[in-house]
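This report concerns only the one structure given below.
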Amino acid sequence: MREDLLNELDAEYAAQRNRNEQEEAARRERIRKEFPEISRMMAERENLIFGTIHRMLEGNADTEHLEEKMEAANTEIAAALKANGLPEDYLEPVCRCTKCKDTGYTGDLIREPCECLQKAYQEKIREQIGLGKNANETFENFNAGMIPETQVQPGITQRQLTELARKQCEEWANRWPQGSTRDILLSGKSGLGKTFLMRAMAARLIERGVNVLIVSAYTFLQMARKSYFDGECGVRELEEVPVLMLDDLGSEPLMQNITIEQLFQLINERQSRGLSTVISTNLTLKELRERYTERIASRLNDPQNCRIILLEGSDLRKAER
Ligand SMILES: [Zn+2]
């Protein structure tokens, strides 16, 4: 888990506990003002505890019936709350998550992140990489029915080719890092579903707790320029994240020397670390070679390490209309 996001979450949980306490105080105040009878019962219950403590301090350890008496007092208060149209647990501690009491962690000796914290963490990651809560680009939402059945290769329709691509992408995301190849290159013209498949892979990996980053080639170029001119190390995160998804390579303006050098360095660094890179591009392998030189193209045209998934056909966004 990433430290910066965990710190953010810890602060959010602390704020939540604060709100809980305020809510509890507001409820007690309401009871005190509007329900004097229940107030009296609560005071009696308190006296029960303090009275016992007092007697214990005086060496008179008569705690025998305390538990029974407390239970009777609790039942009486719950019944009175209900009779007044309030929830029976109105005066219990307030919390969103009963498992961790909004601390984010469970366990006494060994602290483990609570389910709610893990879920919140995943949502944060999704948010950060542009996969919002409502992002619908998932394998579950893949709809083959909207893909034309026109033939794109001998004996293969656009729908069949795209379904095959979906299957390969989903398997890769399910099996990562044990997949057949470390990297994936999604190639095809705009509007064939490359970004959808990429984001669906990211969503699946995040579900599995894998750290993923999606950046557009354009954003990457801007980061690379900054690091080239200002010596900023913004690209380090891109070099170190277990799975990096580089979207729409080829759409960014090409700056001689900088783009190619930085792109090569990124790909090279990640390959030498054994980390996975997924690239989507409108370009063919030949066009990639022409634009980014043989040095980069050969890194991607390497069946041992990189699976090339080709999409063909007509623009799905146009077909939709
Ligand atoms: Zn929890």
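Labels used: A, B, ... for chains in the order of the structure tokens, numbers from 1 for residues in each chain, and numbers from 1 for ligands as shown.
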
Write out, as CSV, each residue of chain A that has an atom at most 10 Å from ligand 1, together with the closest pair of atoms and their distance in Å to one decimal, counting only C-alpha atoms and all ligand atoms, rows going by chain and rising number.
residue,atom,partner,partner_atom_place_in_ligand_line,distance
A:Tyr13,CA,ligand 1,1 (Zn),9.7
A:Cys95,CA,ligand 1,1 (Zn),9.2
A:Arg96,CA,ligand 1,1 (Zn),7.7
A:Cys97,CA,ligand 1,1 (Zn),4.6
A:Thr98,CA,ligand 1,1 (Zn),6.5
A:Lys99,CA,ligand 1,1 (Zn),5.0
A:Cys100,CA,ligand 1,1 (Zn),4.1
A:Lys101,CA,ligand 1,1 (Zn),6.4
A:Asp102,CA,ligand 1,1 (Zn),5.6
A:Thr103,CA,ligand 1,1 (Zn),6.8
A:Gly104,CA,ligand 1,1 (Zn),5.0
A:Tyr105,CA,ligand 1,1 (Zn),6.5
A:Thr106,CA,ligand 1,1 (Zn),7.4
A:Pro113,CA,ligand 1,1 (Zn),7.9
A:Cys114,CA,ligand 1,1 (Zn),4.6
A:Glu115,CA,ligand 1,1 (Zn),5.7
A:Cys116,CA,ligand 1,1 (Zn),4.3
A:Leu117,CA,ligand 1,1 (Zn),6.0
A:Gln118,CA,ligand 1,1 (Zn),8.7
A:Lys119,CA,ligand 1,1 (Zn),9.4
A:Ala120,CA,ligand 1,1 (Zn),9.8

Exercise. Range 85-275 of chain A: which residues are helix (DSSP H, G or I) by DSSP, as an MDAnalysis selection string?
Worked result: chainID A and resid 115:128 139:141 144:146 158:175 194:207 217:230 236:240 258:273

Mind dumping the selected residues with C-alpha atoms as a PDB file, in the first residue's frame?
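Ended up saving to selection.pdb:
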ATOM      1  CA  GLU A 115     -12.037  -4.424   4.912  1.00  0.00           C
ATOM      2  CA  CYS A 116     -13.456  -0.901   4.864  1.00  0.00           C
ATOM      3  CA  LEU A 117      -9.954   0.591   4.724  1.00  0.00           C
ATOM      4  CA  GLN A 118      -8.928  -1.714   1.908  1.00  0.00           C
ATOM      5  CA  LYS A 119     -12.023  -0.728  -0.036  1.00  0.00           C
ATOM      6  CA  ALA A 120     -11.409   2.972   0.565  1.00  0.00           C
ATOM      7  CA  TYR A 121      -7.792   2.503  -0.504  1.00  0.00           C
ATOM      8  CA  GLN A 122      -8.821   0.870  -3.773  1.00  0.00           C
ATOM      9  CA  GLU A 123     -11.245   3.688  -4.456  1.00  0.00           C
ATOM     10  CA  LYS A 124      -8.483   6.209  -3.872  1.00  0.00           C
ATOM     11  CA  ILE A 125      -6.192   4.457  -6.311  1.00  0.00           C
ATOM     12  CA  ARG A 126      -8.963   4.274  -8.884  1.00  0.00           C
ATOM     13  CA  GLU A 127      -9.688   7.951  -8.434  1.00  0.00           C
ATOM     14  CA  GLN A 128      -6.035   8.842  -8.777  1.00  0.00           C
ATOM     15  CA  PHE A 139     -14.790  -6.671 -18.504  1.00  0.00           C
ATOM     16  CA  GLU A 140     -18.245  -7.228 -17.027  1.00  0.00           C
ATOM     17  CA  ASN A 141     -19.527  -4.263 -19.021  1.00  0.00           C
ATOM     18  CA  ALA A 144     -19.892  -7.506 -27.880  1.00  0.00           C
ATOM     19  CA  GLY A 145     -23.366  -6.886 -29.277  1.00  0.00           C
ATOM     20  CA  MET A 146     -22.467  -3.365 -30.371  1.00  0.00           C
ATOM     21  CA  GLN A 158     -14.570  -7.386 -36.164  1.00  0.00           C
ATOM     22  CA  ARG A 159     -16.713  -8.726 -33.327  1.00  0.00           C
ATOM     23  CA  GLN A 160     -14.774 -12.001 -33.142  1.00  0.00           C
ATOM     24  CA  LEU A 161     -11.426 -10.211 -33.244  1.00  0.00           C
ATOM     25  CA  THR A 162     -12.453  -7.809 -30.488  1.00  0.00           C
ATOM     26  CA  GLU A 163     -13.859 -10.619 -28.346  1.00  0.00           C
ATOM     27  CA  LEU A 164     -10.586 -12.482 -28.713  1.00  0.00           C
ATOM     28  CA  ALA A 165      -8.735  -9.344 -27.616  1.00  0.00           C
ATOM     29  CA  ARG A 166     -11.035  -9.023 -24.599  1.00  0.00           C
ATOM     30  CA  LYS A 167     -10.376 -12.631 -23.642  1.00  0.00           C
ATOM     31  CA  GLN A 168      -6.613 -12.194 -23.917  1.00  0.00           C
ATOM     32  CA  CYS A 169      -6.669  -8.958 -21.899  1.00  0.00           C
ATOM     33  CA  GLU A 170      -8.898 -10.413 -19.188  1.00  0.00           C
ATOM     34  CA  GLU A 171      -6.770 -13.533 -18.840  1.00  0.00           C
ATOM     35  CA  TRP A 172      -3.652 -11.440 -18.632  1.00  0.00           C
ATOM     36  CA  ALA A 173      -5.137  -9.256 -15.879  1.00  0.00           C
ATOM     37  CA  ASN A 174      -6.443 -12.290 -13.975  1.00  0.00           C
ATOM     38  CA  ARG A 175      -3.137 -14.131 -14.092  1.00  0.00           C
ATOM     39  CA  LYS A 194      -8.226  -0.123 -26.953  1.00  0.00           C
ATOM     40  CA  THR A 195      -8.699   2.337 -24.101  1.00  0.00           C
ATOM     41  CA  PHE A 196     -11.732   0.408 -22.859  1.00  0.00           C
ATOM     42  CA  LEU A 197      -9.715  -2.808 -22.679  1.00  0.00           C
ATOM     43  CA  MET A 198      -6.805  -1.031 -21.033  1.00  0.00           C
ATOM     44  CA  ARG A 199      -8.998   0.503 -18.353  1.00  0.00           C
ATOM     45  CA  ALA A 200     -10.789  -2.808 -17.817  1.00  0.00           C
ATOM     46  CA  MET A 201      -7.399  -4.448 -17.215  1.00  0.00           C
ATOM     47  CA  ALA A 202      -6.531  -1.689 -14.750  1.00  0.00           C
ATOM     48  CA  ALA A 203      -9.844  -2.117 -12.929  1.00  0.00           C
ATOM     49  CA  ARG A 204      -9.310  -5.872 -12.620  1.00  0.00           C
ATOM     50  CA  LEU A 205      -5.734  -5.486 -11.372  1.00  0.00           C
ATOM     51  CA  ILE A 206      -6.823  -2.900  -8.795  1.00  0.00           C
ATOM     52  CA  GLU A 207      -9.510  -5.314  -7.590  1.00  0.00           C
ATOM     53  CA  ALA A 217       1.434   9.513 -23.744  1.00  0.00           C
ATOM     54  CA  TYR A 218       0.777  13.257 -23.760  1.00  0.00           C
ATOM     55  CA  THR A 219       1.044  13.492 -19.964  1.00  0.00           C
ATOM     56  CA  PHE A 220       4.121  11.310 -20.032  1.00  0.00           C
ATOM     57  CA  LEU A 221       5.749  13.664 -22.527  1.00  0.00           C
ATOM     58  CA  GLN A 222       5.026  16.658 -20.319  1.00  0.00           C
ATOM     59  CA  MET A 223       6.520  14.889 -17.310  1.00  0.00           C
ATOM     60  CA  ALA A 224       9.510  13.850 -19.365  1.00  0.00           C
ATOM     61  CA  ARG A 225      10.063  17.427 -20.564  1.00  0.00           C
ATOM     62  CA  LYS A 226       9.921  18.693 -17.007  1.00  0.00           C
ATOM     63  CA  SER A 227      12.410  16.141 -15.873  1.00  0.00           C
ATOM     64  CA  TYR A 228      14.664  16.927 -18.854  1.00  0.00           C
ATOM     65  CA  PHE A 229      14.644  20.695 -18.442  1.00  0.00           C
ATOM     66  CA  ASP A 230      14.128  21.140 -14.690  1.00  0.00           C
ATOM     67  CA  ARG A 236      10.447   7.900 -11.261  1.00  0.00           C
ATOM     68  CA  GLU A 237       7.005   6.748 -10.148  1.00  0.00           C
ATOM     69  CA  LEU A 238       6.343   5.662 -13.729  1.00  0.00           C
ATOM     70  CA  GLU A 239       9.570   3.696 -13.714  1.00  0.00           C
ATOM     71  CA  GLU A 240       8.734   1.912 -10.459  1.00  0.00           C
ATOM     72  CA  ILE A 258      13.507  14.217 -25.761  1.00  0.00           C
ATOM     73  CA  THR A 259      10.487  12.033 -26.466  1.00  0.00           C
ATOM     74  CA  ILE A 260      12.399   9.146 -27.927  1.00  0.00           C
ATOM     75  CA  GLU A 261      15.165   9.229 -25.361  1.00  0.00           C
ATOM     76  CA  GLN A 262      12.758   9.429 -22.418  1.00  0.00           C
ATOM     77  CA  LEU A 263      10.469   6.786 -23.854  1.00  0.00           C
ATOM     78  CA  PHE A 264      13.368   4.431 -24.423  1.00  0.00           C
ATOM     79  CA  GLN A 265      14.672   5.067 -20.931  1.00  0.00           C
ATOM     80  CA  LEU A 266      11.244   4.362 -19.431  1.00  0.00           C
ATOM     81  CA  ILE A 267      10.707   1.131 -21.360  1.00  0.00           C
ATOM     82  CA  ASN A 268      14.281  -0.004 -20.810  1.00  0.00           C
ATOM     83  CA  GLU A 269      14.212   0.762 -17.094  1.00  0.00           C
ATOM     84  CA  ARG A 270      10.934  -1.087 -16.606  1.00  0.00           C
ATOM     85  CA  GLN A 271      12.070  -4.088 -18.622  1.00  0.00           C
ATOM     86  CA  SER A 272      15.307  -4.365 -16.671  1.00  0.00           C
ATOM     87  CA  ARG A 273      13.320  -4.272 -13.439  1.00  0.00           C
TER      88      ARG A 273
END

For this session: Just the strand (DSSP E or B) stuff from range 82-229 of chain A, please, per backbone DSSP, written as a list in words.
Result: Tyr105, Thr106, Glu112, Pro113, Gln151, Val152, Gln153, Ile156, Thr157, Asp183, Ile184, Leu185, Leu186, Ser187, Val212, Leu213, Ile214, Val215 and Ser216 of chain A

Could you please take those selected residues and save C-alpha atoms as a compact mmCIF listing (two decimals), in the first residue's frame?
# COMPACT_ATOMS: atom_id res chain seq x y z
CA TYR A 105 -7.67 -1.51 11.60
CA THR A 106 -8.69 -4.72 13.31
CA GLU A 112 -4.52 -5.55 10.11
CA PRO A 113 -6.19 -3.16 7.67
CA GLN A 151 -15.22 -9.32 -41.92
CA VAL A 152 -11.81 -7.80 -41.08
CA GLN A 153 -9.54 -10.75 -41.81
CA ILE A 156 -12.81 -13.33 -38.90
CA THR A 157 -15.28 -10.56 -38.10
CA ASP A 183 4.00 -6.57 -21.49
CA ILE A 184 1.08 -5.91 -23.81
CA LEU A 185 0.86 -3.72 -26.88
CA LEU A 186 -2.68 -2.86 -27.98
CA SER A 187 -2.56 -1.65 -31.55
CA VAL A 212 -1.41 0.37 -11.44
CA LEU A 213 -0.90 3.73 -13.08
CA ILE A 214 -2.50 4.92 -16.31
CA VAL A 215 -0.95 7.90 -18.04
CA SER A 216 -1.58 9.23 -21.49

Seminar exercise, completed: Residue with the minimum atom-to-atom distance to Glu71 in chain A, picked from A:Lys33, A:His54, A:Ile49, A:Leu244 with only C-alpha atoms counted, is A:Ile49

For this session: Determine, counting only C-alpha atoms, which protein, DNA and RNA residues have an atom within 12 Å of an atom of Lys286 in chain A; residues of the same chain fewer than 5 positions away are not included. Present the result as an MDAnalysis selection string.
Result: chainID A and resid 187 291:294 296:298 300:301
